[in-house]
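Text of structure-v2.cif, listed as mmCIF, C-alpha atoms:
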data_upload
#
loop_
_atom_site.label_atom_id
_atom_site.label_comp_id
_atom_site.auth_asym_id
_atom_site.auth_seq_id
_atom_site.Cartn_x
_atom_site.Cartn_y
_atom_site.Cartn_z
CA MET A 191 -16.72 34.22 -31.15
CA ALA A 192 -15.71 30.60 -31.66
CA ALA A 193 -12.58 29.41 -29.90
CA VAL A 194 -9.49 29.13 -32.05
CA SER A 195 -7.67 25.81 -31.94
CA ASP A 196 -3.93 25.41 -31.53
CA ALA A 197 -3.82 23.91 -35.02
CA GLU A 198 -5.46 27.03 -36.48
CA LEU A 199 -3.07 29.31 -34.59
CA ALA A 200 -0.06 27.27 -35.74
CA ALA A 201 -1.25 27.33 -39.34
CA HIS A 202 -1.74 31.09 -39.25
CA LEU A 203 1.63 31.59 -37.60
CA ARG A 204 3.36 29.59 -40.34
CA ALA A 205 1.39 31.31 -43.11
CA ALA A 206 2.28 34.77 -41.80
CA LEU A 207 5.93 34.28 -40.83
CA ASP A 208 7.51 31.45 -42.83
CA CYS A 209 7.77 33.26 -46.17
CA PRO A 210 9.39 36.50 -45.00
CA LEU A 211 11.70 34.70 -42.61
CA THR A 212 12.82 31.88 -44.92
CA THR A 213 13.52 34.52 -47.58
CA ALA A 214 15.77 36.25 -45.02
CA GLY A 215 17.68 33.03 -44.30
CA PHE A 216 15.76 31.56 -41.37
CA ALA A 217 14.53 27.98 -41.32
CA ALA A 218 10.78 27.37 -41.48
CA ALA A 219 8.99 27.47 -38.15
CA GLN A 220 9.35 24.75 -35.60
CA VAL A 221 5.96 24.98 -33.89
CA GLY A 222 5.12 23.42 -30.57
CA ALA A 223 2.46 23.40 -27.91
CA GLU A 224 2.70 25.75 -24.96
CA ALA A 225 0.46 25.73 -21.93
CA GLY A 226 -2.53 27.61 -23.30
CA GLY A 227 -1.28 28.15 -26.83
CA VAL A 228 1.50 27.62 -29.34
CA SER A 229 5.05 28.83 -29.85
CA SER A 230 7.41 28.89 -32.78
CA ILE A 231 11.09 29.20 -33.37
CA HIS A 232 12.60 30.30 -36.65
CA CYS A 233 16.37 29.83 -36.50
CA ALA A 234 19.11 31.22 -38.72
CA ASP A 235 22.86 30.80 -38.88
CA ALA A 236 23.92 33.68 -36.64
CA ARG A 237 27.06 34.65 -38.56
CA ARG A 238 25.33 34.64 -41.94
CA LEU A 239 22.40 36.63 -40.57
CA LEU A 240 24.72 39.21 -39.00
CA ALA A 241 26.71 39.55 -42.23
CA ARG A 242 23.57 40.06 -44.29
CA TYR A 243 21.66 42.18 -41.75
CA PRO A 244 24.11 44.07 -39.51
CA PHE A 245 21.27 45.48 -37.39
CA THR A 246 20.77 41.98 -35.91
CA ALA A 247 23.87 42.72 -33.81
CA VAL A 248 21.36 44.10 -31.30
CA ALA A 249 20.56 40.43 -30.55
CA GLU A 250 23.95 38.79 -31.21
CA ASP A 251 27.02 40.86 -32.00
CA SER A 252 29.74 38.18 -32.04
CA PRO A 253 28.23 34.77 -32.61
CA ASP A 254 30.25 31.60 -32.24
CA ASP A 255 30.78 29.42 -35.28
CA GLY A 256 27.62 27.33 -35.77
CA ALA A 257 25.50 29.49 -33.44
CA CYS A 258 21.85 30.18 -34.27
CA THR A 259 19.86 33.35 -33.96
CA ASP A 260 16.23 32.54 -33.11
CA LEU A 261 13.02 34.43 -33.64
CA TYR A 262 10.70 33.15 -30.92
CA VAL A 263 6.95 33.84 -31.00
CA VAL A 264 4.34 32.79 -28.45
CA VAL A 265 0.60 32.91 -29.10
CA GLU A 266 -1.76 32.35 -26.18
CA ARG A 267 -5.22 31.03 -26.75
CA GLY A 268 -8.13 32.66 -24.96
CA ASP A 269 -11.35 34.46 -25.69
CA VAL A 270 -9.19 36.50 -28.03
CA PRO A 271 -5.86 34.83 -28.88
CA ARG A 272 -2.85 37.13 -28.41
CA VAL A 273 0.80 37.20 -29.38
CA THR A 274 2.46 37.46 -25.98
CA GLU A 275 6.10 37.29 -27.11
CA ALA A 276 7.99 38.10 -30.29
CA ARG A 277 11.74 38.24 -29.77
CA LEU A 278 14.99 37.78 -31.65
CA ASN A 279 17.40 36.10 -29.21
CA GLY A 280 15.56 37.77 -26.34
CA VAL A 281 15.33 41.21 -27.98
CA ASP A 282 11.75 42.42 -28.39
CA VAL A 283 10.68 43.00 -31.99
CA PRO A 284 10.19 46.79 -31.53
CA ASP A 285 13.83 47.04 -30.39
CA LEU A 286 14.94 45.00 -33.40
CA PHE A 287 13.04 47.36 -35.69
CA ARG A 288 14.66 50.37 -33.98
CA ALA A 289 18.10 48.81 -34.52
CA ALA A 290 17.21 48.46 -38.21
CA GLY A 291 16.47 52.19 -38.33
CA ARG A 292 12.72 51.62 -38.58
CA ASP A 293 11.26 53.67 -35.75
CA ASP A 294 7.97 53.72 -37.64
CA LEU A 295 7.70 49.93 -37.38
CA ALA A 296 8.95 49.93 -33.80
CA HIS A 297 6.13 52.31 -32.91
CA ALA A 298 3.56 50.21 -34.82
CA ALA A 299 4.79 46.98 -33.20
CA ALA A 300 4.47 48.41 -29.70
CA ASP A 301 0.81 47.33 -29.54
CA LEU A 302 1.37 43.90 -31.07
CA THR A 303 0.25 42.11 -27.90
CA ALA A 304 -3.01 44.10 -27.77
CA ARG A 305 -4.23 42.79 -31.15
CA ASP A 306 -5.99 39.58 -32.06
CA ALA A 307 -3.21 37.07 -32.79
CA ARG A 308 -4.24 36.54 -36.40
CA ASP A 309 -4.07 40.27 -37.12
CA ALA A 310 -0.85 40.64 -35.11
CA LEU A 311 0.86 37.76 -36.93
CA THR A 312 -0.18 39.08 -40.34
CA ARG A 313 1.22 42.52 -39.46
CA LEU A 314 4.38 41.02 -37.95
CA GLY A 315 5.00 39.02 -41.12
CA ALA A 316 4.66 42.14 -43.28
CA TRP A 317 6.93 44.17 -41.00
CA LEU A 318 9.59 41.44 -40.95
CA ALA A 319 9.41 41.19 -44.74
CA ASP A 320 10.04 44.93 -44.91
CA VAL A 321 12.91 44.93 -42.40
CA PHE A 322 14.60 41.85 -43.89
CA ALA A 323 14.14 42.96 -47.51
CA SER A 324 17.29 42.24 -49.49
#

Let me see whether you can do it: turn the structure in this file into structure tokens.
Amino acid sequence: MAAVSDAELAAHLRAALDCPLTTAGFAAAQVGAEAGGVSSIHCADARRLLARYPFTAVAEDSPDDGACTDLYVVVERGDVPRVTEARLNGVDVPDLFRAAGRDDLAHAAADLTARDARDALTRLGAWLADVFAS
């Protein structure tokens, strides 16, 4: 298998996550280099996000005026690139899904780090679109 470049990982990360998250009120990804991979932050106005999606209180239940709630994702390169972190303000994505009443997605997301990053990011984008559906 050919090695995947950071640019390819960043492009796939944006393609998978930007649409569902910007639709939910997050800014498009800010992607940067990490040692051995890439990371992204999608930020949203914490008060607006909490008002629209009360389940996000699991990550921030009383945000200050002007505070951001961040979805942080890390993808490590390797023989098989992997998503090693996916958290909303430090809360793992499966716990976020549980807070949203989606135990089915929490269970499915439990093996996110075991999948190839491209597959994991595609699935994560679909799950986030479902959870943050208006």

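Here atom CA of A:Glu275 stands at a distance of 18.6 Å from atom CA of A:Ser195.
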
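In this model, the gap between atom CA of A:Arg305 and atom CA of A:Cys233 comes to 24.9 Å.
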
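Ranking A:Ala316, A:Tyr262, A:Arg237, A:Val248 by their shortest atom-to-atom distance to A:Gly222, with all atoms listed in the file included, puts A:Tyr262 first.
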
* Care to translate the PyMOL selection byres ((chain A and resi 207) around 10) into actual residues of this file, as number ranges by chain? -> A: 202-206, 208-212, 218-219, 230, 232, 263, 311-319

* **Spatial neighbours of A:Asp294, 12 Å, only C-alpha atoms, chain gap at least 5 places, as a count of residues only** => 11

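Using all atoms listed in the file, the smallest distance between any of A:Ala249, A:Val265, A:Val281, A:Ala197 and A:Ser229 comes from A:Val265.
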
* In the coordinate frame of the file, compute which residues have an atom within 12 Å of (28.9, 35.2, -31.5) when using all atoms listed in the file, and state them as a count of residues only. => 22

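Taking atom CA of A:Asp260 as the reference point, atom CA of A:Ala298 is found at 21.8 Å.
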
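Among the candidate residues A:Val283, A:Arg272, A:Ala310, A:Ala214, the one lying nearest to A:Tyr243 is A:Ala214, with distances computed using only C-alpha atoms.
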
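Using all atoms listed in the file, the nearest neighbour of A:Ala307 within the list A:Val221, A:Leu261, A:Val273, A:Ala234 is A:Val273.
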
* To do: Using all atoms listed in the file, determine which residues lie at most 8 Å from A:Asp196, disregarding the query and same-chain residues fewer than 5 positions distant; provide the list as a ChimeraX atom specification.
  => /A:223,227-228,267

Since the input lacks some atoms of stretch 217-228 of chain A, please model all heavy atoms and print them as an mmCIF file, in the coordinates of the input.
data_model
loop_
_atom_site.group_PDB
_atom_site.id
_atom_site.type_symbol
_atom_site.label_atom_id
_atom_site.label_comp_id
_atom_site.auth_asym_id
_atom_site.auth_seq_id
_atom_site.Cartn_x
_atom_site.Cartn_y
_atom_site.Cartn_z
ATOM 1 N N ALA A 217 15.213 29.229 -41.029
ATOM 2 C CA ALA A 217 14.530 27.980 -41.320
ATOM 3 C C ALA A 217 13.032 28.179 -41.092
ATOM 4 O O ALA A 217 12.620 29.093 -40.369
ATOM 5 C CB ALA A 217 15.043 26.862 -40.416
ATOM 6 N N ALA A 218 12.234 27.328 -41.712
ATOM 7 C CA ALA A 218 10.780 27.370 -41.480
ATOM 8 C C ALA A 218 10.504 27.120 -39.996
ATOM 9 O O ALA A 218 11.330 26.556 -39.277
ATOM 10 C CB ALA A 218 10.093 26.316 -42.335
ATOM 11 N N ALA A 219 9.342 27.545 -39.569
ATOM 12 C CA ALA A 219 8.990 27.470 -38.150
ATOM 13 C C ALA A 219 9.000 26.059 -37.613
ATOM 14 O O ALA A 219 8.529 25.126 -38.255
ATOM 15 C CB ALA A 219 7.596 28.065 -37.932
ATOM 16 N N GLN A 220 9.537 25.941 -36.419
ATOM 17 C CA GLN A 220 9.350 24.750 -35.600
ATOM 18 C C GLN A 220 8.277 25.168 -34.592
ATOM 19 O O GLN A 220 8.518 26.047 -33.773
ATOM 20 C CB GLN A 220 10.634 24.378 -34.880
ATOM 21 C CG GLN A 220 11.777 24.031 -35.811
ATOM 22 C CD GLN A 220 13.066 23.819 -35.040
ATOM 23 O OE1 GLN A 220 13.071 23.271 -33.942
ATOM 24 N NE2 GLN A 220 14.168 24.277 -35.600
ATOM 25 N N VAL A 221 7.102 24.580 -34.720
ATOM 26 C CA VAL A 221 5.960 24.980 -33.890
ATOM 27 C C VAL A 221 5.691 23.907 -32.851
ATOM 28 O O VAL A 221 5.729 22.722 -33.152
ATOM 29 C CB VAL A 221 4.707 25.225 -34.759
ATOM 30 C CG1 VAL A 221 3.520 25.617 -33.892
ATOM 31 C CG2 VAL A 221 4.975 26.299 -35.798
ATOM 32 N N GLY A 222 5.420 24.355 -31.642
ATOM 33 C CA GLY A 222 5.120 23.420 -30.570
ATOM 34 C C GLY A 222 4.016 23.941 -29.681
ATOM 35 O O GLY A 222 3.616 25.101 -29.761
ATOM 36 N N ALA A 223 3.526 23.050 -28.851
ATOM 37 C CA ALA A 223 2.460 23.400 -27.910
ATOM 38 C C ALA A 223 3.063 24.069 -26.675
ATOM 39 O O ALA A 223 4.117 23.675 -26.201
ATOM 40 C CB ALA A 223 1.691 22.156 -27.509
ATOM 41 N N GLU A 224 2.389 25.076 -26.211
ATOM 42 C CA GLU A 224 2.700 25.750 -24.960
ATOM 43 C C GLU A 224 1.476 25.572 -24.074
ATOM 44 O O GLU A 224 0.391 25.322 -24.574
ATOM 45 C CB GLU A 224 2.905 27.253 -25.183
ATOM 46 C CG GLU A 224 4.127 27.632 -25.955
ATOM 47 C CD GLU A 224 5.344 27.759 -25.063
ATOM 48 O OE1 GLU A 224 5.220 28.141 -23.896
ATOM 49 O OE2 GLU A 224 6.426 27.451 -25.566
ATOM 50 N N ALA A 225 1.636 25.751 -22.797
ATOM 51 C CA ALA A 225 0.460 25.730 -21.930
ATOM 52 C C ALA A 225 -0.438 26.886 -22.352
ATOM 53 O O ALA A 225 -0.040 28.038 -22.259
ATOM 54 C CB ALA A 225 0.877 25.884 -20.474
ATOM 55 N N GLY A 226 -1.582 26.576 -22.910
ATOM 56 C CA GLY A 226 -2.530 27.610 -23.300
ATOM 57 C C GLY A 226 -2.304 28.215 -24.663
ATOM 58 O O GLY A 226 -2.861 29.262 -24.971
ATOM 59 N N GLY A 227 -1.498 27.586 -25.507
ATOM 60 C CA GLY A 227 -1.280 28.150 -26.830
ATOM 61 C C GLY A 227 -0.206 27.437 -27.615
ATOM 62 O O GLY A 227 0.032 26.253 -27.423
ATOM 63 N N VAL A 228 0.441 28.183 -28.497
ATOM 64 C CA VAL A 228 1.500 27.620 -29.340
ATOM 65 C C VAL A 228 2.692 28.565 -29.348
ATOM 66 O O VAL A 228 2.564 29.753 -29.064
ATOM 67 C CB VAL A 228 1.025 27.388 -30.797
ATOM 68 C CG1 VAL A 228 -0.086 26.365 -30.854
ATOM 69 C CG2 VAL A 228 0.607 28.682 -31.471
#
